[in-house]
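Enquirer: Sharing final27.pdb here; it has PDB, C-alpha atoms.
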MODEL        1
ATOM      1  CA  MET A   1     -27.741  13.332  15.195
ATOM      2  CA  THR A   2     -27.409  15.314  11.970
ATOM      3  CA  ALA A   3     -30.542  17.221  11.035
ATOM      4  CA  VAL A   4     -31.774  16.586   7.491
ATOM      5  CA  THR A   5     -34.203  18.940   5.822
ATOM      6  CA  PRO A   6     -36.632  17.748   3.097
ATOM      7  CA  GLU A   7     -34.743  19.616   0.374
ATOM      8  CA  ARG A   8     -31.690  17.386   0.913
ATOM      9  CA  THR A   9     -33.515  14.441  -0.638
ATOM     10  CA  GLN A  10     -35.965  16.193  -2.970
ATOM     11  CA  ARG A  11     -35.205  15.997  -6.681
ATOM     12  CA  ARG A  12     -34.421  19.381  -8.209
ATOM     13  CA  PRO A  13     -34.256  20.085 -11.971
ATOM     14  CA  GLY A  14     -30.698  20.114 -13.245
ATOM     15  CA  GLU A  15     -29.119  18.881 -10.004
ATOM     16  CA  PRO A  16     -27.695  15.318 -10.163
ATOM     17  CA  HIS A  17     -29.230  13.019  -7.579
ATOM     18  CA  VAL A  18     -26.707  10.896  -5.656
ATOM     19  CA  SER A  19     -27.343   7.748  -3.606
ATOM     20  CA  ILE A  20     -24.988   6.685  -0.810
ATOM     21  CA  ILE A  21     -25.374   2.955  -0.185
ATOM     22  CA  ILE A  22     -24.009   1.615   3.104
ATOM     23  CA  PRO A  23     -23.762  -2.209   3.318
ATOM     24  CA  CYS A  24     -23.445  -3.417   6.886
ATOM     25  CA  PHE A  25     -22.742  -6.748   8.559
ATOM     26  CA  ASN A  26     -22.130  -6.684  12.322
ATOM     27  CA  TYR A  27     -20.593  -3.202  12.235
ATOM     28  CA  GLY A  28     -23.189  -1.508  14.409
ATOM     29  CA  ARG A  29     -20.441  -0.001  16.576
ATOM     30  CA  PHE A  30     -19.138   1.991  13.580
ATOM     31  CA  LEU A  31     -22.320   2.525  11.586
ATOM     32  CA  ALA A  32     -23.510   5.798  13.138
ATOM     33  CA  GLU A  33     -20.258   7.529  12.198
ATOM     34  CA  ALA A  34     -20.581   6.363   8.584
ATOM     35  CA  ILE A  35     -24.222   7.481   8.363
ATOM     36  CA  GLU A  36     -23.503  10.883   9.874
ATOM     37  CA  SER A  37     -20.689  11.467   7.382
ATOM     38  CA  ALA A  38     -23.112  10.663   4.549
ATOM     39  CA  LEU A  39     -25.793  12.992   5.887
ATOM     40  CA  GLU A  40     -23.266  15.825   6.274
ATOM     41  CA  GLN A  41     -22.464  15.939   2.545
ATOM     42  CA  THR A  42     -22.537  19.400   1.002
ATOM     43  CA  HIS A  43     -24.113  18.112  -2.210
ATOM     44  CA  VAL A  44     -27.890  17.989  -2.576
ATOM     45  CA  PRO A  45     -30.100  16.200  -3.484
ATOM     46  CA  LEU A  46     -28.806  13.061  -1.819
ATOM     47  CA  GLU A  47     -30.276   9.878  -0.372
ATOM     48  CA  VAL A  48     -28.717   7.441   2.113
ATOM     49  CA  ILE A  49     -29.614   3.738   2.061
ATOM     50  CA  VAL A  50     -28.362   1.340   4.743
ATOM     51  CA  ILE A  51     -28.703  -2.381   3.993
ATOM     52  CA  ASP A  52     -28.164  -4.692   6.939
ATOM     53  CA  ASP A  53     -27.068  -8.127   5.708
ATOM     54  CA  GLY A  54     -28.469 -10.294   8.496
ATOM     55  CA  SER A  55     -26.337  -8.843  11.279
ATOM     56  CA  THR A  56     -26.525 -10.396  14.748
ATOM     57  CA  ASP A  57     -25.617  -7.137  16.499
ATOM     58  CA  ASP A  58     -27.590  -3.860  16.679
ATOM     59  CA  SER A  59     -26.748  -2.676  13.146
ATOM     60  CA  HIS A  60     -30.354  -2.417  11.958
ATOM     61  CA  GLU A  61     -31.436  -0.646  15.147
ATOM     62  CA  VAL A  62     -28.629   1.906  14.688
ATOM     63  CA  ALA A  63     -29.796   2.608  11.123
ATOM     64  CA  LEU A  64     -33.421   2.973  12.246
ATOM     65  CA  ARG A  65     -32.400   5.762  14.622
ATOM     66  CA  PHE A  66     -31.665   7.925  11.574
ATOM     67  CA  ALA A  67     -35.040   7.363   9.875
ATOM     68  CA  PRO A  68     -36.637   8.987   7.942
ATOM     69  CA  ALA A  69     -33.442  10.715   6.759
ATOM     70  CA  VAL A  70     -32.033   7.247   6.056
ATOM     71  CA  GLU A  71     -33.758   4.330   4.371
ATOM     72  CA  ALA A  72     -32.956   1.378   6.644
ATOM     73  CA  LEU A  73     -33.331  -1.997   4.926
ATOM     74  CA  THR A  74     -32.585  -5.465   6.249
ATOM     75  CA  GLN A  75     -32.371  -8.964   4.768
ATOM     76  CA  PRO A  76     -31.118 -12.450   5.622
ATOM     77  CA  ASN A  77     -27.371 -12.831   5.250
ATOM     78  CA  MET A  78     -26.626 -13.130   1.515
ATOM     79  CA  GLY A  79     -23.112 -11.747   1.202
ATOM     80  CA  LEU A  80     -21.644  -8.476   0.013
ATOM     81  CA  VAL A  81     -22.315  -8.809  -3.726
ATOM     82  CA  ALA A  82     -26.030  -9.430  -3.134
ATOM     83  CA  VAL A  83     -26.178  -6.382  -0.857
ATOM     84  CA  LEU A  84     -24.428  -4.168  -3.398
ATOM     85  CA  ASN A  85     -26.740  -5.227  -6.224
ATOM     86  CA  ARG A  86     -29.791  -4.659  -4.051
ATOM     87  CA  GLY A  87     -28.466  -1.207  -3.322
ATOM     88  CA  LEU A  88     -28.182  -0.509  -7.051
ATOM     89  CA  ARG A  89     -31.781  -1.611  -7.550
ATOM     90  CA  GLU A  90     -33.123   0.425  -4.640
ATOM     91  CA  ALA A  91     -31.158   3.587  -5.428
ATOM     92  CA  ALA A  92     -32.924   6.543  -6.995
ATOM     93  CA  GLY A  93     -29.776   8.489  -7.853
ATOM     94  CA  GLU A  94     -28.091   8.852 -11.226
ATOM     95  CA  TYR A  95     -24.843   8.391  -9.297
ATOM     96  CA  PHE A  96     -24.008   6.183  -6.346
ATOM     97  CA  VAL A  97     -21.346   5.745  -3.677
ATOM     98  CA  ILE A  98     -20.718   2.490  -1.804
ATOM     99  CA  LEU A  99     -19.637   3.474   1.712
ATOM    100  CA  SER A 100     -18.425   0.699   4.024
ATOM    101  CA  ALA A 101     -20.131   0.801   7.411
ATOM    102  CA  ASP A 102     -16.818   1.345   9.213
ATOM    103  CA  ASP A 103     -15.551   4.150   6.968
ATOM    104  CA  ALA A 104     -16.521   7.816   6.676
ATOM    105  CA  LEU A 105     -16.621  10.600   4.080
ATOM    106  CA  ARG A 106     -15.352  14.134   4.301
ATOM    107  CA  PRO A 107     -18.271  16.592   3.847
ATOM    108  CA  THR A 108     -17.203  17.630   0.329
ATOM    109  CA  TYR A 109     -16.659  14.067  -0.920
ATOM    110  CA  VAL A 110     -19.702  13.857  -3.202
ATOM    111  CA  GLU A 111     -19.533  17.476  -4.353
ATOM    112  CA  THR A 112     -15.863  17.288  -5.330
ATOM    113  CA  LEU A 113     -15.949  13.876  -7.023
ATOM    114  CA  LEU A 114     -19.152  14.654  -8.891
ATOM    115  CA  ALA A 115     -17.649  17.854 -10.277
ATOM    116  CA  ALA A 116     -14.572  15.928 -11.445
ATOM    117  CA  LEU A 117     -16.682  13.220 -13.061
ATOM    118  CA  LEU A 118     -18.927  15.668 -14.899
ATOM    119  CA  ARG A 119     -15.848  17.211 -16.524
ATOM    120  CA  GLN A 120     -14.835  13.829 -18.011
ATOM    121  CA  PRO A 121     -17.479  12.546 -20.468
ATOM    122  CA  ASP A 122     -15.707   9.206 -21.013
ATOM    123  CA  ALA A 123     -15.347   8.514 -17.274
ATOM    124  CA  ALA A 124     -17.757   6.256 -15.383
ATOM    125  CA  TYR A 125     -16.429   6.967 -11.903
ATOM    126  CA  ALA A 126     -14.263   9.277  -9.821
ATOM    127  CA  TYR A 127     -12.183   8.274  -6.809
ATOM    128  CA  SER A 128     -10.129  10.133  -4.223
ATOM    129  CA  ALA A 129      -7.128   9.554  -2.011
ATOM    130  CA  MET A 130      -7.815   7.795   1.317
ATOM    131  CA  GLU A 131      -6.938   8.963   4.794
ATOM    132  CA  TYR A 132      -6.311   6.064   7.178
ATOM    133  CA  PHE A 133      -7.657   6.225  10.707
ATOM    134  CA  GLY A 134      -8.096   3.777  13.556
ATOM    135  CA  ALA A 135      -5.185   1.374  14.048
ATOM    136  CA  ARG A 136      -3.052   3.277  11.538
ATOM    137  CA  SER A 137      -2.802   6.835  10.278
ATOM    138  CA  GLY A 138      -1.514   8.155   6.982
ATOM    139  CA  VAL A 139      -2.703   8.734   3.427
ATOM    140  CA  PHE A 140      -3.047   6.307   0.526
ATOM    141  CA  PRO A 141      -2.672   8.528  -2.565
ATOM    142  CA  ALA A 142      -5.096   8.543  -5.456
ATOM    143  CA  LYS A 143      -3.006   7.133  -8.262
ATOM    144  CA  PRO A 144      -3.861   8.622 -11.678
ATOM    145  CA  PHE A 145      -6.163   6.493 -13.765
ATOM    146  CA  SER A 146      -4.295   4.183 -16.132
ATOM    147  CA  PRO A 147      -5.794   1.118 -17.855
ATOM    148  CA  ALA A 148      -2.449  -0.693 -17.809
ATOM    149  CA  LEU A 149      -1.982  -0.157 -14.083
ATOM    150  CA  LEU A 150      -5.569  -1.247 -13.454
ATOM    151  CA  LEU A 151      -4.854  -4.480 -15.302
ATOM    152  CA  ALA A 152      -1.778  -5.013 -13.164
ATOM    153  CA  GLY A 153      -3.727  -4.687  -9.920
ATOM    154  CA  ASN A 154      -6.575  -2.840  -8.257
ATOM    155  CA  TYR A 155      -5.631   0.530  -6.807
ATOM    156  CA  ILE A 156      -9.071   2.197  -7.020
ATOM    157  CA  ASN A 157     -11.091   2.185  -3.814
ATOM    158  CA  ALA A 158     -14.571   0.664  -3.825
ATOM    159  CA  THR A 159     -16.095   3.947  -2.596
ATOM    160  CA  ALA A 160     -15.651   5.627  -5.992
ATOM    161  CA  LEU A 161     -18.584   7.808  -7.041
ATOM    162  CA  THR A 162     -20.017   5.972 -10.058
ATOM    163  CA  ARG A 163     -22.577   6.581 -12.774
ATOM    164  CA  ARG A 164     -25.367   4.142 -11.917
ATOM    165  CA  ALA A 165     -26.411   3.628 -15.546
ATOM    166  CA  ASP A 166     -22.880   2.561 -16.492
ATOM    167  CA  ALA A 167     -22.692   0.058 -13.628
ATOM    168  CA  LEU A 168     -26.085  -1.409 -14.533
ATOM    169  CA  ALA A 169     -25.143  -1.572 -18.225
ATOM    170  CA  VAL A 170     -22.297  -3.997 -17.432
ATOM    171  CA  GLY A 171     -24.411  -6.102 -15.075
ATOM    172  CA  GLY A 172     -23.689  -4.536 -11.701
ATOM    173  CA  PHE A 173     -21.480  -6.444  -9.285
ATOM    174  CA  HIS A 174     -20.695 -10.028 -10.271
ATOM    175  CA  PRO A 175     -20.131 -12.898  -7.851
ATOM    176  CA  ASN A 176     -16.713 -14.336  -8.597
ATOM    177  CA  PRO A 177     -14.541 -17.287  -7.599
ATOM    178  CA  LYS A 178     -12.006 -17.285  -4.760
ATOM    179  CA  ASN A 179     -13.425 -14.094  -3.245
ATOM    180  CA  ALA A 180     -11.712 -11.901  -5.835
ATOM    181  CA  TRP A 181     -12.357  -8.196  -5.465
ATOM    182  CA  GLU A 182     -15.832  -7.424  -6.820
ATOM    183  CA  ASP A 183     -15.027  -3.719  -7.212
ATOM    184  CA  TRP A 184     -11.918  -4.438  -9.312
ATOM    185  CA  ASP A 185     -13.987  -6.726 -11.521
ATOM    186  CA  LEU A 186     -16.494  -3.885 -12.015
ATOM    187  CA  TRP A 187     -13.762  -1.403 -12.986
ATOM    188  CA  LEU A 188     -12.423  -3.908 -15.530
ATOM    189  CA  ARG A 189     -15.855  -4.536 -17.043
ATOM    190  CA  LEU A 190     -16.341  -0.787 -17.343
ATOM    191  CA  LEU A 191     -12.932  -0.592 -19.028
ATOM    192  CA  GLU A 192     -14.041  -3.276 -21.492
ATOM    193  CA  SER A 193     -17.060  -1.127 -22.315
ATOM    194  CA  GLY A 194     -14.834   1.879 -23.037
ATOM    195  CA  ARG A 195     -15.427   3.693 -19.742
ATOM    196  CA  TYR A 196     -12.618   5.133 -17.668
ATOM    197  CA  GLY A 197     -12.027   6.601 -14.206
ATOM    198  CA  VAL A 198     -10.699   9.906 -12.942
ATOM    199  CA  ALA A 199      -8.662  10.556  -9.795
ATOM    200  CA  VAL A 200      -9.078  13.370  -7.282
ATOM    201  CA  PRO A 201      -5.882  13.857  -5.236
ATOM    202  CA  GLU A 202      -7.486  15.131  -2.011
ATOM    203  CA  PRO A 203      -7.924  12.507   0.763
ATOM    204  CA  LEU A 204     -11.716  12.782   1.001
ATOM    205  CA  LEU A 205     -12.389   9.191   2.082
ATOM    206  CA  ARG A 206     -11.594   8.187   5.661
ATOM    207  CA  TYR A 207     -10.650   4.495   5.584
ATOM    208  CA  ARG A 208     -10.640   2.666   8.895
ATOM    209  CA  ARG A 209      -7.740   0.335   9.585
ATOM    210  CA  HIS A 210      -8.363  -2.402  12.127
ATOM    211  CA  GLU A 211      -5.815  -4.184  14.273
ATOM    212  CA  THR A 212      -6.468  -7.477  12.494
ATOM    213  CA  THR A 213      -9.394  -8.024  10.101
ATOM    214  CA  SER A 214     -10.095  -8.916   6.502
ATOM    215  CA  ARG A 215     -10.273  -5.212   5.628
ATOM    216  CA  ASN A 216      -6.546  -4.781   6.086
ATOM    217  CA  PRO A 217      -4.362  -5.335   3.007
ATOM    218  CA  PRO A 218      -4.260  -9.008   1.937
ATOM    219  CA  SER A 219      -1.161 -11.157   2.123
ATOM    220  CA  ARG A 220       0.938 -11.518  -1.007
ATOM    221  CA  ARG A 221      -0.438 -15.037  -1.529
ATOM    222  CA  LYS A 222      -4.063 -13.870  -1.319
ATOM    223  CA  ALA A 223      -3.349 -10.891  -3.553
ATOM    224  CA  ILE A 224      -1.898 -13.197  -6.241
ATOM    225  CA  GLN A 225      -4.934 -15.504  -5.928
ATOM    226  CA  ALA A 226      -7.258 -12.548  -6.385
ATOM    227  CA  LEU A 227      -5.244 -11.320  -9.372
ATOM    228  CA  ASN A 228      -5.411 -14.721 -11.066
ATOM    229  CA  ALA A 229      -9.138 -15.078 -10.330
ATOM    230  CA  VAL A 230      -9.957 -11.656 -11.763
ATOM    231  CA  ARG A 231      -7.736 -12.210 -14.802
ATOM    232  CA  ALA A 232      -9.608 -15.437 -15.518
ATOM    233  CA  LEU A 233     -12.857 -13.437 -15.696
ATOM    234  CA  HIS A 234     -11.454 -11.149 -18.411
ATOM    235  CA  PRO A 235      -9.556 -13.331 -20.901
ATOM    236  CA  ASP A 236     -10.091 -10.968 -23.836
ATOM    237  CA  LEU A 237      -8.838  -7.965 -21.923
ATOM    238  CA  TYR A 238      -5.763  -9.733 -20.575
ATOM    239  CA  GLY A 239      -5.091 -11.569 -23.815
ATOM    240  CA  ARG A 240      -4.591  -8.410 -25.853
ATOM    241  CA  ARG A 241      -0.873  -8.016 -25.164
ATOM    242  CA  PRO A 242       0.592 -11.137 -23.499
ATOM    243  CA  ARG A 243       4.083  -9.683 -23.287
ATOM    244  CA  VAL A 244       2.813  -6.430 -21.865
ATOM    245  CA  VAL A 245       0.812  -8.398 -19.296
ATOM    246  CA  ARG A 246       4.066  -9.710 -17.867
ATOM    247  CA  GLU A 247       5.652  -6.280 -17.990
ATOM    248  CA  ALA A 248       2.658  -4.664 -16.311
ATOM    249  CA  LEU A 249       2.709  -7.221 -13.523
ATOM    250  CA  LEU A 250       6.354  -6.389 -12.890
ATOM    251  CA  LEU A 251       5.608  -2.679 -13.012
ATOM    252  CA  SER A 252       2.815  -3.134 -10.481
ATOM    253  CA  THR A 253       5.509  -3.431  -7.820
ATOM    254  CA  LEU A 254       6.312   0.207  -8.571
ATOM    255  CA  VAL A 255       2.803   1.616  -8.193
ATOM    256  CA  THR A 256       3.788   3.595  -5.121
ATOM    257  CA  GLY A 257       7.119   4.679  -6.572
ATOM    258  CA  ARG A 258       8.593   6.791  -9.319
ATOM    259  CA  LEU A 259       6.461   5.383 -12.134
ATOM    260  CA  LEU A 260       3.331   7.140 -10.888
ATOM    261  CA  GLY A 261       5.098  10.473 -10.921
ATOM    262  CA  CYS A 262       5.912  10.019 -14.584
ATOM    263  CA  GLY A 263       2.915  10.906 -16.728
ATOM    264  CA  ARG A 264       4.868  10.031 -19.867
ATOM    265  CA  CYS A 265       5.550   6.529 -18.504
ATOM    266  CA  LEU A 266       1.853   5.955 -17.900
ATOM    267  CA  ARG A 267       0.886   7.232 -21.332
ATOM    268  CA  LEU A 268       3.434   4.958 -23.008
ATOM    269  CA  LEU A 269       2.283   1.991 -20.952
ATOM    270  CA  ASP A 270      -1.365   2.587 -21.837
ATOM    271  CA  ARG A 271      -0.542   2.965 -25.513
ATOM    272  CA  ALA A 272       1.356  -0.333 -25.394
ATOM    273  CA  TRP A 273      -1.908  -1.926 -24.260
ATOM    274  CA  GLY A 274      -3.735  -0.263 -27.137
ATOM    275  CA  PHE A 275      -5.612   2.209 -24.919
ATOM    276  CA  PRO A 276      -5.760   5.948 -25.474
ATOM    277  CA  ALA A 277      -3.260   7.844 -23.340
ATOM    278  CA  SER A 278      -4.627   8.523 -19.860
ATOM    279  CA  GLY A 279      -2.642   8.878 -16.663
ATOM    280  CA  ARG A 280      -5.168  11.468 -15.638
ATOM    281  CA  PHE A 281      -6.115  13.383 -12.570
ATOM    282  CA  ALA A 282      -9.200  15.537 -12.387
ATOM    283  CA  ASP A 283      -8.955  18.876 -14.155
ATOM    284  CA  ARG A 284      -8.849  21.468 -11.397
TER     285      ARG A 284
ENDMDL
END
Would you put the structure from the file into structure tokens?

Expert:
Amino acid sequence: MTAVTPERTQRRPGEPHVSIIIPCFNYGRFLAEAIESALEQTHVPLEVIVIDDGSTDDSHEVALRFAPAVEALTQPNMGLVAVLNRGLREAAGEYFVILSADDALRPTYVETLLAALLRQPDAAYAYSAMEYFGARSGVFPAKPFSPALLLAGNYINATALTRRADALAVGGFHPNPKNAWEDWDLWLRLLESGRYGVAVPEPLLRYRRHETTSRNPPSRRKAIQALNAVRALHPDLYGRRPRVVREALLLSTLVTGRLLGCGRCLRLLDRAWGFPASGRFADR
């Protein structure tokens, strides 16, 4: 078990405090790996909060093994959004990371993303590329932040390091119809408030792929349902440029292709939406 000294959680003047929130439901078999990756972060001060959402396996017992380095909370099963919002309330950090109980962080995850975020005053969050492990290997690249691409579909992972005050200012995580992606909805509400994201190209998040579970990419039908559900929650945002909405949806099929290598294309697309030019990676 990773040793944690008191100075890892103690507030220090001038050093941003970061909270890693780990929601867990019946993932006790993976949880220790996620917790250890959080405790091994090079950034200090840092706190780790595990919230067990009424699991029927040994998830809470696994979390308790890491006390007092980890705050192990439990509650009756209330669903992911309720867990995430409890985590925001319980967190002491100015910044937070939502780490799924079956994923893991590289040791420099918080340090690198926090540095990138602090260099971008209009950014609310920073996200990195993802390294797949488990049933599949490979890397999902960190696409540069672009409002137009974000409107076309969610490509920002839910583990993004986020300014807690910005998330609370837009109401935290909202329950939504048809199980649409709660993280995408948050990024869009932050966009509505004038807050952006910044990408870090290194694959610092280890994302577990299962043989067959809901955490694997959704089917095309479910993805379209989620898109329509999220769009319905943001009529003003999507109603700004109806023609460009259609064009952006078509362009979303190219998000892993040549378009993302063309900074000029992204800047033009964002300007067509009426957003300042972005298409940004972290300044290195």

Enquirer: Nearest to A:Phe30: which of A:Leu269, A:Leu99, A:Ala67, A:Val81 is it, counting all atoms listed in the file?

Expert: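 When distances to A:Phe30 are compared using all atoms listed in the file, the smallest one comes from A:Leu99.
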
Enquirer: With all atoms listed in the file as the atoms that count, which of A:Leu151, A:Phe140, A:Ala91, A:Leu186 lies nearest to A:Pro235?

Expert: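 Among A:Leu151, A:Phe140, A:Ala91, A:Leu186, it is A:Leu151 that comes nearest to A:Pro235.
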
Enquirer: Write out as JSON lines the residues of stretch 46-99 of chain A that have any atom within 12 Å of an atom of stretch 13-21 of chain A, one row each with the nearest atom pair and its distance in Å to one decimal, counting only C-alpha atoms, sorted by chain and then rising number.

Expert:
{"residue": "A:Leu46", "atom": "CA", "partner": "A:Val18", "partner_atom": "CA", "distance": 4.9}
{"residue": "A:Glu47", "atom": "CA", "partner": "A:Ser19", "partner_atom": "CA", "distance": 4.9}
{"residue": "A:Val48", "atom": "CA", "partner": "A:Ile20", "partner_atom": "CA", "distance": 4.8}
{"residue": "A:Ile49", "atom": "CA", "partner": "A:Ile21", "partner_atom": "CA", "distance": 4.9}
{"residue": "A:Val50", "atom": "CA", "partner": "A:Ile21", "partner_atom": "CA", "distance": 6.0}
{"residue": "A:Ile51", "atom": "CA", "partner": "A:Ile21", "partner_atom": "CA", "distance": 7.6}
{"residue": "A:Asp52", "atom": "CA", "partner": "A:Ile21", "partner_atom": "CA", "distance": 10.8}
{"residue": "A:Val70", "atom": "CA", "partner": "A:Ile20", "partner_atom": "CA", "distance": 9.9}
{"residue": "A:Glu71", "atom": "CA", "partner": "A:Ile21", "partner_atom": "CA", "distance": 9.6}
{"residue": "A:Ala72", "atom": "CA", "partner": "A:Ile21", "partner_atom": "CA", "distance": 10.3}
{"residue": "A:Leu73", "atom": "CA", "partner": "A:Ile21", "partner_atom": "CA", "distance": 10.7}
{"residue": "A:Val83", "atom": "CA", "partner": "A:Ile21", "partner_atom": "CA", "distance": 9.4}
{"residue": "A:Leu84", "atom": "CA", "partner": "A:Ile21", "partner_atom": "CA", "distance": 7.9}
{"residue": "A:Asn85", "atom": "CA", "partner": "A:Ile21", "partner_atom": "CA", "distance": 10.3}
{"residue": "A:Arg86", "atom": "CA", "partner": "A:Ile21", "partner_atom": "CA", "distance": 9.6}
{"residue": "A:Gly87", "atom": "CA", "partner": "A:Ile21", "partner_atom": "CA", "distance": 6.1}
{"residue": "A:Leu88", "atom": "CA", "partner": "A:Ile21", "partner_atom": "CA", "distance": 8.2}
{"residue": "A:Arg89", "atom": "CA", "partner": "A:Ile21", "partner_atom": "CA", "distance": 10.8}
{"residue": "A:Glu90", "atom": "CA", "partner": "A:Ile21", "partner_atom": "CA", "distance": 9.3}
{"residue": "A:Ala91", "atom": "CA", "partner": "A:Ser19", "partner_atom": "CA", "distance": 5.9}
{"residue": "A:Ala92", "atom": "CA", "partner": "A:Ser19", "partner_atom": "CA", "distance": 6.6}
{"residue": "A:Gly93", "atom": "CA", "partner": "A:Val18", "partner_atom": "CA", "distance": 4.5}
{"residue": "A:Glu94", "atom": "CA", "partner": "A:His17", "partner_atom": "CA", "distance": 5.7}
{"residue": "A:Tyr95", "atom": "CA", "partner": "A:Val18", "partner_atom": "CA", "distance": 4.8}
{"residue": "A:Phe96", "atom": "CA", "partner": "A:Ser19", "partner_atom": "CA", "distance": 4.6}
{"residue": "A:Val97", "atom": "CA", "partner": "A:Ile20", "partner_atom": "CA", "distance": 4.7}
{"residue": "A:Ile98", "atom": "CA", "partner": "A:Ile21", "partner_atom": "CA", "distance": 5.0}
{"residue": "A:Leu99", "atom": "CA", "partner": "A:Ile21", "partner_atom": "CA", "distance": 6.1}

Enquirer: Quick one: pull the distance between atom CA of A:Leu204 and atom CA of A:Ser37, Å, one decimal.

Expert: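 Interatomic distance here is 11.1 Å.
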
Enquirer: Between A:Ala129, A:Leu268, A:Ala169, A:Ala135, which residue has the minimum interatomic distance to A:His210, considering all atoms listed in the file?

Expert: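 Result for the nearest residue to A:His210: A:Ala135.
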
Enquirer: Given the file above and the PyMOL selection byres ((chain A and resi 35) around 8), which residues are selected, and can you give them as a ChimeraX atom specification?

Expert: /A:22,31-34,36-39,48,63,101,104

Enquirer: Grab the residues selected above and save them as an mmCIF file, in the coordinates of the input with C-alpha atoms.

Expert:
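As a result, selection21.cif now contains:
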data_model
loop_
_atom_site.group_PDB
_atom_site.id
_atom_site.type_symbol
_atom_site.label_atom_id
_atom_site.label_comp_id
_atom_site.auth_asym_id
_atom_site.auth_seq_id
_atom_site.Cartn_x
_atom_site.Cartn_y
_atom_site.Cartn_z
ATOM 1 C CA ILE A 22 -24.009 1.615 3.104
ATOM 2 C CA LEU A 31 -22.320 2.525 11.586
ATOM 3 C CA ALA A 32 -23.510 5.798 13.138
ATOM 4 C CA GLU A 33 -20.258 7.529 12.198
ATOM 5 C CA ALA A 34 -20.581 6.363 8.584
ATOM 6 C CA GLU A 36 -23.503 10.883 9.874
ATOM 7 C CA SER A 37 -20.689 11.467 7.382
ATOM 8 C CA ALA A 38 -23.112 10.663 4.549
ATOM 9 C CA LEU A 39 -25.793 12.992 5.887
ATOM 10 C CA VAL A 48 -28.717 7.441 2.113
ATOM 11 C CA ALA A 63 -29.796 2.608 11.123
ATOM 12 C CA ALA A 101 -20.131 0.801 7.411
ATOM 13 C CA ALA A 104 -16.521 7.816 6.676
#

Enquirer: Just how far from atom CA of A:Pro121 is atom CA of A:Trp187, in Å to one decimal?

Expert: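 Distance between the two atoms: 16.3 Å.
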
Enquirer: Quick one: of A:Ala82, A:Ala160, A:Val139, A:Ala152, who's nearest to A:Val110, counting only C-alpha atoms?

Expert: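 The closest residue to A:Val110 is A:Ala160.
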
Enquirer: To one decimal place, how far is atom CA of A:Ala116 from atom CA of A:Phe275 in Å?

Expert: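 Atom-to-atom, atom CA of A:Ala116 and atom CA of A:Phe275 are spaced 21.2 Å apart.
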
Enquirer: From the options A:Leu205, A:Ala142, A:Ala123, A:Leu149, which residue's atoms come nearest to A:Trp184, counting only C-alpha atoms?

Expert: A:Leu149
